[in-house]
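Have a look at upload-v5.txt below; it lists compact mmCIF, C-alpha atoms and all ligand atoms.
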# COMPACT_ATOMS: atom_id res chain seq x y z
CA MET Y 1 0.00 0.00 0.00
CA TYR Y 2 2.80 2.38 1.07
CA ASN Y 3 4.85 1.35 -1.96
CA GLU Y 4 1.86 1.66 -4.27
CA THR Y 5 1.21 5.25 -3.16
CA ILE Y 6 4.85 6.23 -3.68
CA ARG Y 7 4.99 4.49 -7.04
CA SER Y 8 1.80 6.16 -8.22
CA GLN Y 9 3.68 9.49 -8.18
CA LYS Y 10 6.44 7.95 -10.30
CA GLU Y 11 6.55 5.97 -13.49
CA LEU Y 12 8.81 2.97 -14.05
CA ILE Y 13 11.08 3.34 -17.10
CA LEU Y 14 13.37 0.79 -18.72
CA CYS Y 15 16.74 2.35 -19.66
CA GLU Y 16 18.79 1.43 -22.72
CA ASP Y 17 21.23 -0.60 -20.56
CA GLY Y 18 18.32 -2.85 -19.47
CA THR Y 19 18.11 -1.42 -15.93
CA ASN Y 20 15.05 0.23 -14.43
CA THR Y 21 14.67 3.79 -13.26
CA LEU Y 22 11.72 6.02 -12.38
CA TYR Y 23 10.26 9.18 -13.85
CA SER Y 24 9.46 11.84 -11.25
CA LYS Y 25 6.23 13.67 -12.00
CA GLU Y 26 7.13 16.15 -9.25
CA PHE Y 27 10.43 17.16 -10.90
CA ASP Y 28 9.25 16.31 -14.43
CA GLU Y 29 12.41 14.35 -15.03
CA PRO Y 30 13.75 10.77 -14.98
CA TYR Y 31 16.01 9.74 -12.08
CA HIS Y 32 18.69 8.68 -14.57
CA SER Y 33 19.59 9.27 -18.19
CA THR Y 34 17.51 6.63 -19.93
CA LYS Y 35 20.00 6.63 -22.80
CA ASP Y 36 23.07 6.11 -20.61
CA GLY Y 37 21.20 3.70 -18.29
CA ALA Y 38 20.80 3.76 -14.52
CA LEU Y 39 23.48 1.23 -13.57
CA HIS Y 40 25.81 2.09 -16.47
CA GLU Y 41 25.60 5.82 -15.62
CA SER Y 42 26.31 5.22 -11.92
CA LEU Y 43 29.30 3.05 -12.65
CA GLU Y 44 30.81 5.09 -15.47
CA LYS Y 45 30.17 8.66 -14.30
CA HIS Y 46 30.61 8.24 -10.56
CA VAL Y 47 31.90 4.95 -9.17
CA LYS Y 48 34.70 3.95 -11.56
CA PRO Y 49 36.43 7.34 -11.90
CA SER Y 50 36.16 8.00 -8.14
CA LEU Y 51 37.53 4.65 -7.04
CA ALA Y 52 40.28 4.82 -9.67
CA ILE Y 53 41.44 8.22 -8.40
CA LYS Y 54 41.21 7.09 -4.75
CA ASN Y 55 42.68 3.61 -5.28
CA LYS Y 56 45.40 4.13 -2.66
CA HIS Y 57 42.92 4.85 0.15
CA SER Y 58 41.96 2.11 2.59
CA THR Y 59 38.92 4.02 3.87
CA LEU Y 60 36.67 6.39 1.95
CA THR Y 61 33.86 8.66 3.05
CA ILE Y 62 31.41 9.41 0.24
CA LEU Y 63 28.68 12.05 0.07
CA ASP Y 64 26.01 10.75 -2.34
CA ILE Y 65 23.74 13.69 -3.34
CA CYS Y 66 20.93 12.54 -3.36
CA PHE Y 67 20.02 8.92 -2.59
CA GLY Y 68 17.00 8.49 -4.91
CA LEU Y 69 16.89 4.83 -5.96
CA GLY Y 70 20.31 4.35 -4.39
CA TYR Y 71 22.03 3.29 -7.63
CA ASN Y 72 25.22 5.26 -6.88
CA THR Y 73 25.52 3.83 -3.38
CA PHE Y 74 24.63 0.27 -4.38
CA ALA Y 75 26.83 0.38 -7.51
CA THR Y 76 29.75 1.43 -5.28
CA LEU Y 77 29.26 -1.64 -3.07
CA TYR Y 78 28.72 -3.88 -6.11
CA TYR Y 79 31.93 -2.62 -7.75
CA ILE Y 80 33.98 -3.04 -4.57
CA GLN Y 81 32.75 -6.59 -4.03
CA LYS Y 82 33.12 -7.55 -7.70
CA ASN Y 83 36.74 -6.37 -7.74
CA ASN Y 84 37.48 -7.89 -4.36
CA LEU Y 85 38.59 -4.55 -2.92
CA HIS Y 86 39.00 -4.19 0.82
CA THR Y 87 38.34 -0.46 1.00
CA LYS Y 88 36.14 0.50 3.92
CA ILE Y 89 33.30 2.68 2.69
CA HIS Y 90 31.14 5.10 4.64
CA ILE Y 91 28.36 6.66 2.55
CA LEU Y 92 26.30 9.63 3.74
CA SER Y 93 23.34 10.33 1.52
CA PRO Y 94 20.77 13.12 1.87
CA GLU Y 95 17.25 12.39 0.63
CA PHE Y 96 13.92 14.00 1.47
CA ASP Y 97 11.70 11.34 -0.11
CA GLU Y 98 11.53 8.86 2.77
CA GLY Y 99 8.74 6.88 1.09
CA LEU Y 100 10.90 6.25 -1.96
CA VAL Y 101 13.80 4.86 0.10
CA ARG Y 102 11.42 2.69 2.13
CA SER Y 103 9.93 1.28 -1.09
CA LEU Y 104 13.27 0.09 -2.47
CA ASP Y 105 13.07 -3.39 -0.95
CA THR Y 106 10.61 -4.26 -3.73
CA PHE Y 107 12.20 -2.25 -6.55
CA ASP Y 108 13.25 -4.32 -9.56
CA PHE Y 109 17.02 -3.76 -9.44
CA PRO Y 110 19.41 -5.42 -11.94
CA PRO Y 111 20.89 -8.89 -11.18
CA GLU Y 112 24.24 -7.19 -10.45
CA PHE Y 113 22.68 -6.13 -7.11
CA ASP Y 114 21.52 -9.65 -6.13
CA SER Y 115 24.44 -10.20 -3.75
CA ILE Y 116 23.74 -6.93 -1.90
CA LYS Y 117 19.99 -7.51 -1.57
CA PRO Y 118 20.20 -7.83 2.24
CA ILE Y 119 21.92 -4.43 2.33
CA ILE Y 120 19.22 -2.89 0.12
CA GLN Y 121 16.55 -4.34 2.41
CA ALA Y 122 18.27 -2.99 5.53
CA VAL Y 123 18.56 0.49 4.03
CA ALA Y 124 14.88 0.42 2.98
CA GLN Y 125 13.83 -0.70 6.43
CA ASN Y 126 16.19 1.25 8.72
CA LEU Y 127 17.57 4.02 6.45
CA TYR Y 128 20.89 2.72 7.76
CA TYR Y 129 23.25 -0.21 7.26
CA GLU Y 130 26.53 -1.18 8.84
CA ASP Y 131 28.90 -4.15 8.70
CA GLU Y 132 32.68 -4.42 8.97
CA GLN Y 133 33.30 -2.91 5.55
CA PHE Y 134 30.29 -0.79 4.66
CA LYS Y 135 28.28 1.86 6.45
CA ILE Y 136 25.37 3.64 4.79
CA GLU Y 137 23.44 6.49 6.40
CA ILE Y 138 20.46 8.17 4.78
CA LEU Y 139 20.21 11.78 5.97
CA LEU Y 140 16.48 12.35 5.84
CA GLY Y 141 15.36 15.85 4.94
CA ASP Y 142 16.50 18.75 2.80
CA ALA Y 143 20.08 18.26 1.58
CA ARG Y 144 20.75 21.99 1.93
CA LYS Y 145 20.05 21.67 5.66
CA SER Y 146 21.69 18.28 6.30
CA ILE Y 147 24.97 18.84 4.41
CA PRO Y 148 26.22 21.73 6.62
CA LYS Y 149 25.59 19.54 9.69
CA ILE Y 150 27.88 16.72 8.49
CA THR Y 151 30.90 16.40 10.78
CA GLU Y 152 32.80 13.74 8.78
CA LYS Y 153 35.38 14.90 6.23
CA ILE Y 154 34.48 13.79 2.72
CA ASP Y 155 36.77 12.11 0.14
CA ILE Y 156 34.29 11.76 -2.73
CA VAL Y 157 31.10 13.61 -3.66
CA TYR Y 158 28.62 12.12 -6.13
CA GLN Y 159 26.71 15.24 -7.25
CA ASP Y 160 23.66 13.59 -8.81
CA ALA Y 161 20.66 15.83 -8.17
CA PHE Y 162 17.90 16.39 -10.70
CA SER Y 163 19.00 18.85 -13.39
CA PRO Y 164 19.92 22.49 -12.63
CA ALA Y 165 16.77 23.58 -14.49
CA HIS Y 166 14.49 21.47 -12.27
CA ASN Y 167 16.35 21.46 -8.93
CA PRO Y 168 18.49 24.66 -9.01
CA LEU Y 169 19.17 24.93 -5.27
CA LEU Y 170 21.30 21.79 -5.43
CA TRP Y 171 23.59 23.39 -8.05
CA THR Y 172 24.35 26.86 -6.69
CA LYS Y 173 27.65 28.40 -5.67
CA GLU Y 174 26.39 28.35 -2.05
CA HIS Y 175 25.54 24.63 -2.24
CA PHE Y 176 29.05 23.93 -3.54
CA SER Y 177 30.46 26.11 -0.75
CA ASP Y 178 28.67 23.94 1.85
CA ILE Y 179 30.15 20.88 0.16
CA ARG Y 180 33.64 22.39 0.04
CA ASP Y 181 33.48 23.10 3.78
CA ILE Y 182 33.17 19.39 4.62
CA CYS Y 183 35.67 18.12 2.02
CA LYS Y 184 39.17 16.82 2.67
CA GLU Y 185 41.97 18.74 0.96
CA ASP Y 186 42.24 16.12 -1.79
CA ALA Y 187 38.51 15.53 -2.27
CA ILE Y 188 36.95 14.94 -5.67
CA LEU Y 189 33.42 15.44 -7.01
CA THR Y 190 31.79 13.65 -9.93
CA THR Y 191 28.77 14.95 -11.82
CA TYR Y 192 26.97 14.32 -15.09
CA SER Y 193 26.70 18.08 -15.68
CA SER Y 194 29.19 19.75 -17.98
CA ALA Y 195 27.40 23.12 -18.03
CA ALA Y 196 29.58 26.25 -17.74
CA ALA Y 197 27.45 27.63 -14.86
CA ILE Y 198 27.95 24.45 -12.82
CA ARG Y 199 31.66 24.21 -13.50
CA LEU Y 200 32.01 27.89 -12.53
CA GLY Y 201 30.18 27.31 -9.24
CA LEU Y 202 32.63 24.53 -8.42
CA TYR Y 203 35.66 26.52 -9.60
CA GLU Y 204 34.62 29.47 -7.40
CA ASN Y 205 34.85 27.04 -4.46
CA ASP Y 206 38.43 25.84 -5.03
CA PHE Y 207 37.63 22.91 -7.33
CA LEU Y 208 39.73 22.39 -10.45
CA ILE Y 209 37.68 21.14 -13.39
CA PHE Y 210 38.37 18.09 -15.58
CA VAL Y 211 36.55 16.36 -18.43
CA HIS Y 212 35.66 12.74 -17.87
CA ARG Y 213 35.17 10.64 -21.00
CA ALA Y 214 33.56 7.33 -20.15
CA GLU Y 215 32.82 4.50 -22.54
CA LEU Y 216 29.60 4.75 -24.59
CA MET Y 217 28.63 7.89 -22.72
CA ARG Y 218 28.39 11.63 -23.15
CA TYR Y 219 31.30 13.25 -21.37
CA SER Y 220 30.83 14.43 -17.79
CA THR Y 221 32.78 16.33 -15.13
CA VAL Y 222 35.27 15.38 -12.44
CA ALA Y 223 36.16 18.25 -10.10
CA SER Y 224 39.07 18.04 -7.71
CA ILE Y 225 40.65 20.27 -5.10
CA LYS Y 226 44.09 18.97 -6.14
CA MET Y 227 45.49 18.61 -9.66
CA LEU Y 228 44.67 15.22 -11.23
CA GLU Y 229 46.77 13.18 -13.63
CA GLY Y 230 45.13 11.36 -16.52
CA PHE Y 231 42.13 13.69 -16.93
CA GLU Y 232 41.74 16.55 -19.40
CA TYR Y 233 42.14 19.79 -17.40
CA ILE Y 234 39.89 22.73 -18.22
CA ASP Y 235 41.40 26.18 -17.77
CA MET Y 236 38.41 28.00 -16.24
CA GLU Y 237 40.17 31.41 -16.41
CA LEU Y 238 40.39 30.95 -20.17
CA LYS Y 239 36.74 29.79 -20.26
CA LYS Y 240 35.73 33.00 -18.44
CA VAL Y 241 37.58 35.12 -21.01
CA ARG Y 242 35.98 33.24 -23.89
CA ASN Y 243 32.52 33.24 -22.31
CA PRO Y 244 32.35 36.54 -20.36
CA THR Y 245 28.60 36.30 -19.68
CA ALA Y 246 28.81 32.88 -17.98
CA ARG Y 247 27.86 33.01 -14.28
CA SER Y 248 27.55 30.47 -11.49
CA MET Y 249 24.04 29.93 -10.14
CA LYS Y 250 23.25 31.76 -6.88
CA ASP Y 251 20.76 30.91 -4.11
CA ARG Y 252 19.15 34.36 -4.24
CA GLU Y 253 17.98 33.72 -7.80
CA TYR Y 254 15.90 30.70 -6.71
CA LEU Y 255 14.80 31.27 -3.11
C1 LIG U 301 18.23 12.39 -9.81
S1 LIG U 301 17.59 11.71 -8.32
C2 LIG U 301 18.99 10.90 -7.60
C3 LIG U 301 19.31 9.58 -8.23
C4 LIG U 301 20.20 8.73 -7.36
N1 LIG U 301 21.52 9.30 -7.23
C5 LIG U 301 20.27 7.30 -7.86
O1 LIG U 301 21.36 6.86 -8.21
O2 LIG U 301 19.24 6.64 -7.89
C6 LIG U 301 17.45 13.12 -7.27
C7 LIG U 301 16.95 12.83 -5.88
O3 LIG U 301 17.08 14.02 -5.13
C8 LIG U 301 16.02 14.09 -4.19
N2 LIG U 301 15.96 15.51 -3.79
C9 LIG U 301 15.65 16.59 -4.56
N3 LIG U 301 15.82 17.74 -3.88
C10 LIG U 301 16.25 17.38 -2.63
C11 LIG U 301 16.60 18.12 -1.48
N4 LIG U 301 16.56 19.45 -1.47
N5 LIG U 301 16.99 17.44 -0.39
C12 LIG U 301 17.05 16.08 -0.39
N6 LIG U 301 16.72 15.33 -1.46
C13 LIG U 301 16.33 15.96 -2.58
C14 LIG U 301 14.83 13.57 -4.95
O4 LIG U 301 13.82 13.12 -4.06
C15 LIG U 301 15.48 12.44 -5.76
O5 LIG U 301 15.37 11.22 -5.08
Since I need it in another form, could you write the structure as structure tokens?
Amino acid sequence: MYNETIRSQKELILCEDGTNTLYSKEFDEPYHSTKDGALHESLEKHVKPSLAIKNKHSTLTILDICFGLGYNTFATLYYIQKNNLHTKIHILSPEFDEGLVRSLDTFDFPPEFDSIKPIIQAVAQNLYYEDEQFKIEILLGDARKSIPKITEKIDIVYQDAFSPAHNPLLWTKEHFSDIRDICKEDAILTTYSSAAAIRLGLYENDFLIFVHRAELMRYSTVASIKMLEGFEYIDMELKKVRNPTARSMKDREYL
């Protein structure tokens, strides 16, 4: 009954990679790029580049903005288990749609998630999971309020909100400033957005900007507080000269 009510506000969509996502009527947008695919997008835009850059770390704290169907969180666990990595992972994930998270125990996830089904069920039931290697905490409520209260220092940020046009307050310079405040000095951020306004908002908060070219995918962005090897660096000062009207998004324009 609970699940049916939640699902009635959302439509199930099959992505081109064969995995399921939802369409949000509230935000008028799918939860994932149906062309890139829910699982494929999570792995290629967020999980693989992040874990490759942080492959020397034995523990990682990840801020997953926002939890949604949990693909980014669950794909991280799937990838770690599949590659027999021993990295300890702590994921903090804001989400204000409690009903959606609680409905995930019956969501039709891909077979890749079969081995983590007990973890998915625990998260759906308790909004929390912990074992010796993995800890997942859903931060219920508005991400703009919960992020400044985080006391852990973050290694990786998955910036995966609905688009800037439909959810602008999760893309502003001030939002990125809140994120920067809780980041370690070598933190990275991954996002599907390659828009100049978004890259500027990150750049204005100490992040250097890089292009990420994944397989069978439109290119996306990796931002990093430190210089990265192996990624195409974007000179944002040059971008500003070439595109003098480009501006980061500001809270005051949307409040
Ligand atoms: C694009 S979906 C996230 C997809 C998710 N990363 C995944 O892999 O399934 C965006 C999510 O942000 C949530 N959301 C939107 N605005 C929010 C806010 N201000 N605070 C917390 N959650 C928010 C929505 O409820 C939705 O679940």
- Between atom C4 of ligand LIG 301 (chain U) and atom CA of Y:Glu232, what is the distance, to one decimal in Å?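 Atom CA of Y:Glu232 lies at a distance of 25.9 Å from atom C4 of ligand LIG 301 (chain U).
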- Hey, can you check how far atom CA of Y:Glu152 sits from atom CA of Y:His175? 17.1 Å
- Item | Protein and nucleic acid residues within 6 Å of ligand LIG 301 (chain U) (only C-alpha atoms and all ligand atoms) as a list in words |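 Going residue by residue within 6 Å of ligand LIG 301 (chain U), we get Tyr31, Cys66, Phe67, Gly68, Leu69, Gly70, Tyr71, Asn72, Pro94, Glu95, Phe96, Asp97, Gly141, Asp142, Ala143, Arg144, Asp160, Ala161 and Phe162 of chain Y.
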- Query: Quick one: residues within 10 Å of stretch 185-191 of chain Y, only C-alpha atoms counted, chain neighbours fewer than 4 positions away excluded, as a PyMOL selection string?
  - Reply: chain Y and resi 45-47+49-50+53-54+61-65+153-161+179-181+198-199+202+206-210+212+220-228
- Message: For a quick check of understanding, using only C-alpha atoms, which of Y:Leu100, Y:Ile147, Y:Leu255, Y:Ala196 has the smallest distance to Y:Ser177?
- Response: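 Looking only at the distances to Y:Ser177, the closest residue turns out to be Y:Ile147.
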- atom CA of Y:Pro168 to atom CA of Y:Met249: how many Å, to one decimal?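 Distance between the two atoms: 7.7 Å.
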- Of the candidates Y:Phe231, Y:Thr59, Y:Ser194, Y:Leu12, which one gets nearest to Y:Glu29 if we count only C-alpha atoms?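 Counting only C-alpha atoms, the residue closest to Y:Glu29 is Y:Leu12.
Distances from Y:Cys183, Y:Ala75, Y:Ile89, Y:Leu200 to Y:Pro111 were compared using all atoms listed in the file, and the smallest one belongs to Y:Ala75.
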- Item | Y:Phe113 environment, 10 Å, all atoms listed in the file, sequence neighbours closer than 3 positions dropped, as a PyMOL selection string | chain Y and resi 39+71+74-75+77-79+108-110+116-120
Selection file, C-alpha atoms, as an mmCIF file, in the coordinates of the input:
data_model
loop_
_atom_site.group_PDB
_atom_site.id
_atom_site.type_symbol
_atom_site.label_atom_id
_atom_site.label_comp_id
_atom_site.auth_asym_id
_atom_site.auth_seq_id
_atom_site.Cartn_x
_atom_site.Cartn_y
_atom_site.Cartn_z
ATOM 1 C CA LEU Y 39 23.480 1.230 -13.570
ATOM 2 C CA TYR Y 71 22.030 3.290 -7.630
ATOM 3 C CA PHE Y 74 24.630 0.270 -4.380
ATOM 4 C CA ALA Y 75 26.830 0.380 -7.510
ATOM 5 C CA LEU Y 77 29.260 -1.640 -3.070
ATOM 6 C CA TYR Y 78 28.720 -3.880 -6.110
ATOM 7 C CA TYR Y 79 31.930 -2.620 -7.750
ATOM 8 C CA ASP Y 108 13.250 -4.320 -9.560
ATOM 9 C CA PHE Y 109 17.020 -3.760 -9.440
ATOM 10 C CA PRO Y 110 19.410 -5.420 -11.940
ATOM 11 C CA ILE Y 116 23.740 -6.930 -1.900
ATOM 12 C CA LYS Y 117 19.990 -7.510 -1.570
ATOM 13 C CA PRO Y 118 20.200 -7.830 2.240
ATOM 14 C CA ILE Y 119 21.920 -4.430 2.330
ATOM 15 C CA ILE Y 120 19.220 -2.890 0.120
#
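Candidate residues Y:Glu132, Y:His86, Y:Ala246, Y:Ala122 were compared for distance to Y:Val101, and the nearest is Y:Ala122, using only C-alpha atoms.
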- For Y:Ala52, the nearest of the candidates Y:Asp131, Y:Glu229, Y:Ser33, Y:Ala195, counting only C-alpha atoms: Y:Glu229
- Given the choices Y:Leu85, Y:Leu14, Y:His57, Y:Glu41, which gets closest to Y:Leu216 if the distance is worked out from all atoms listed in the file? Y:Glu41
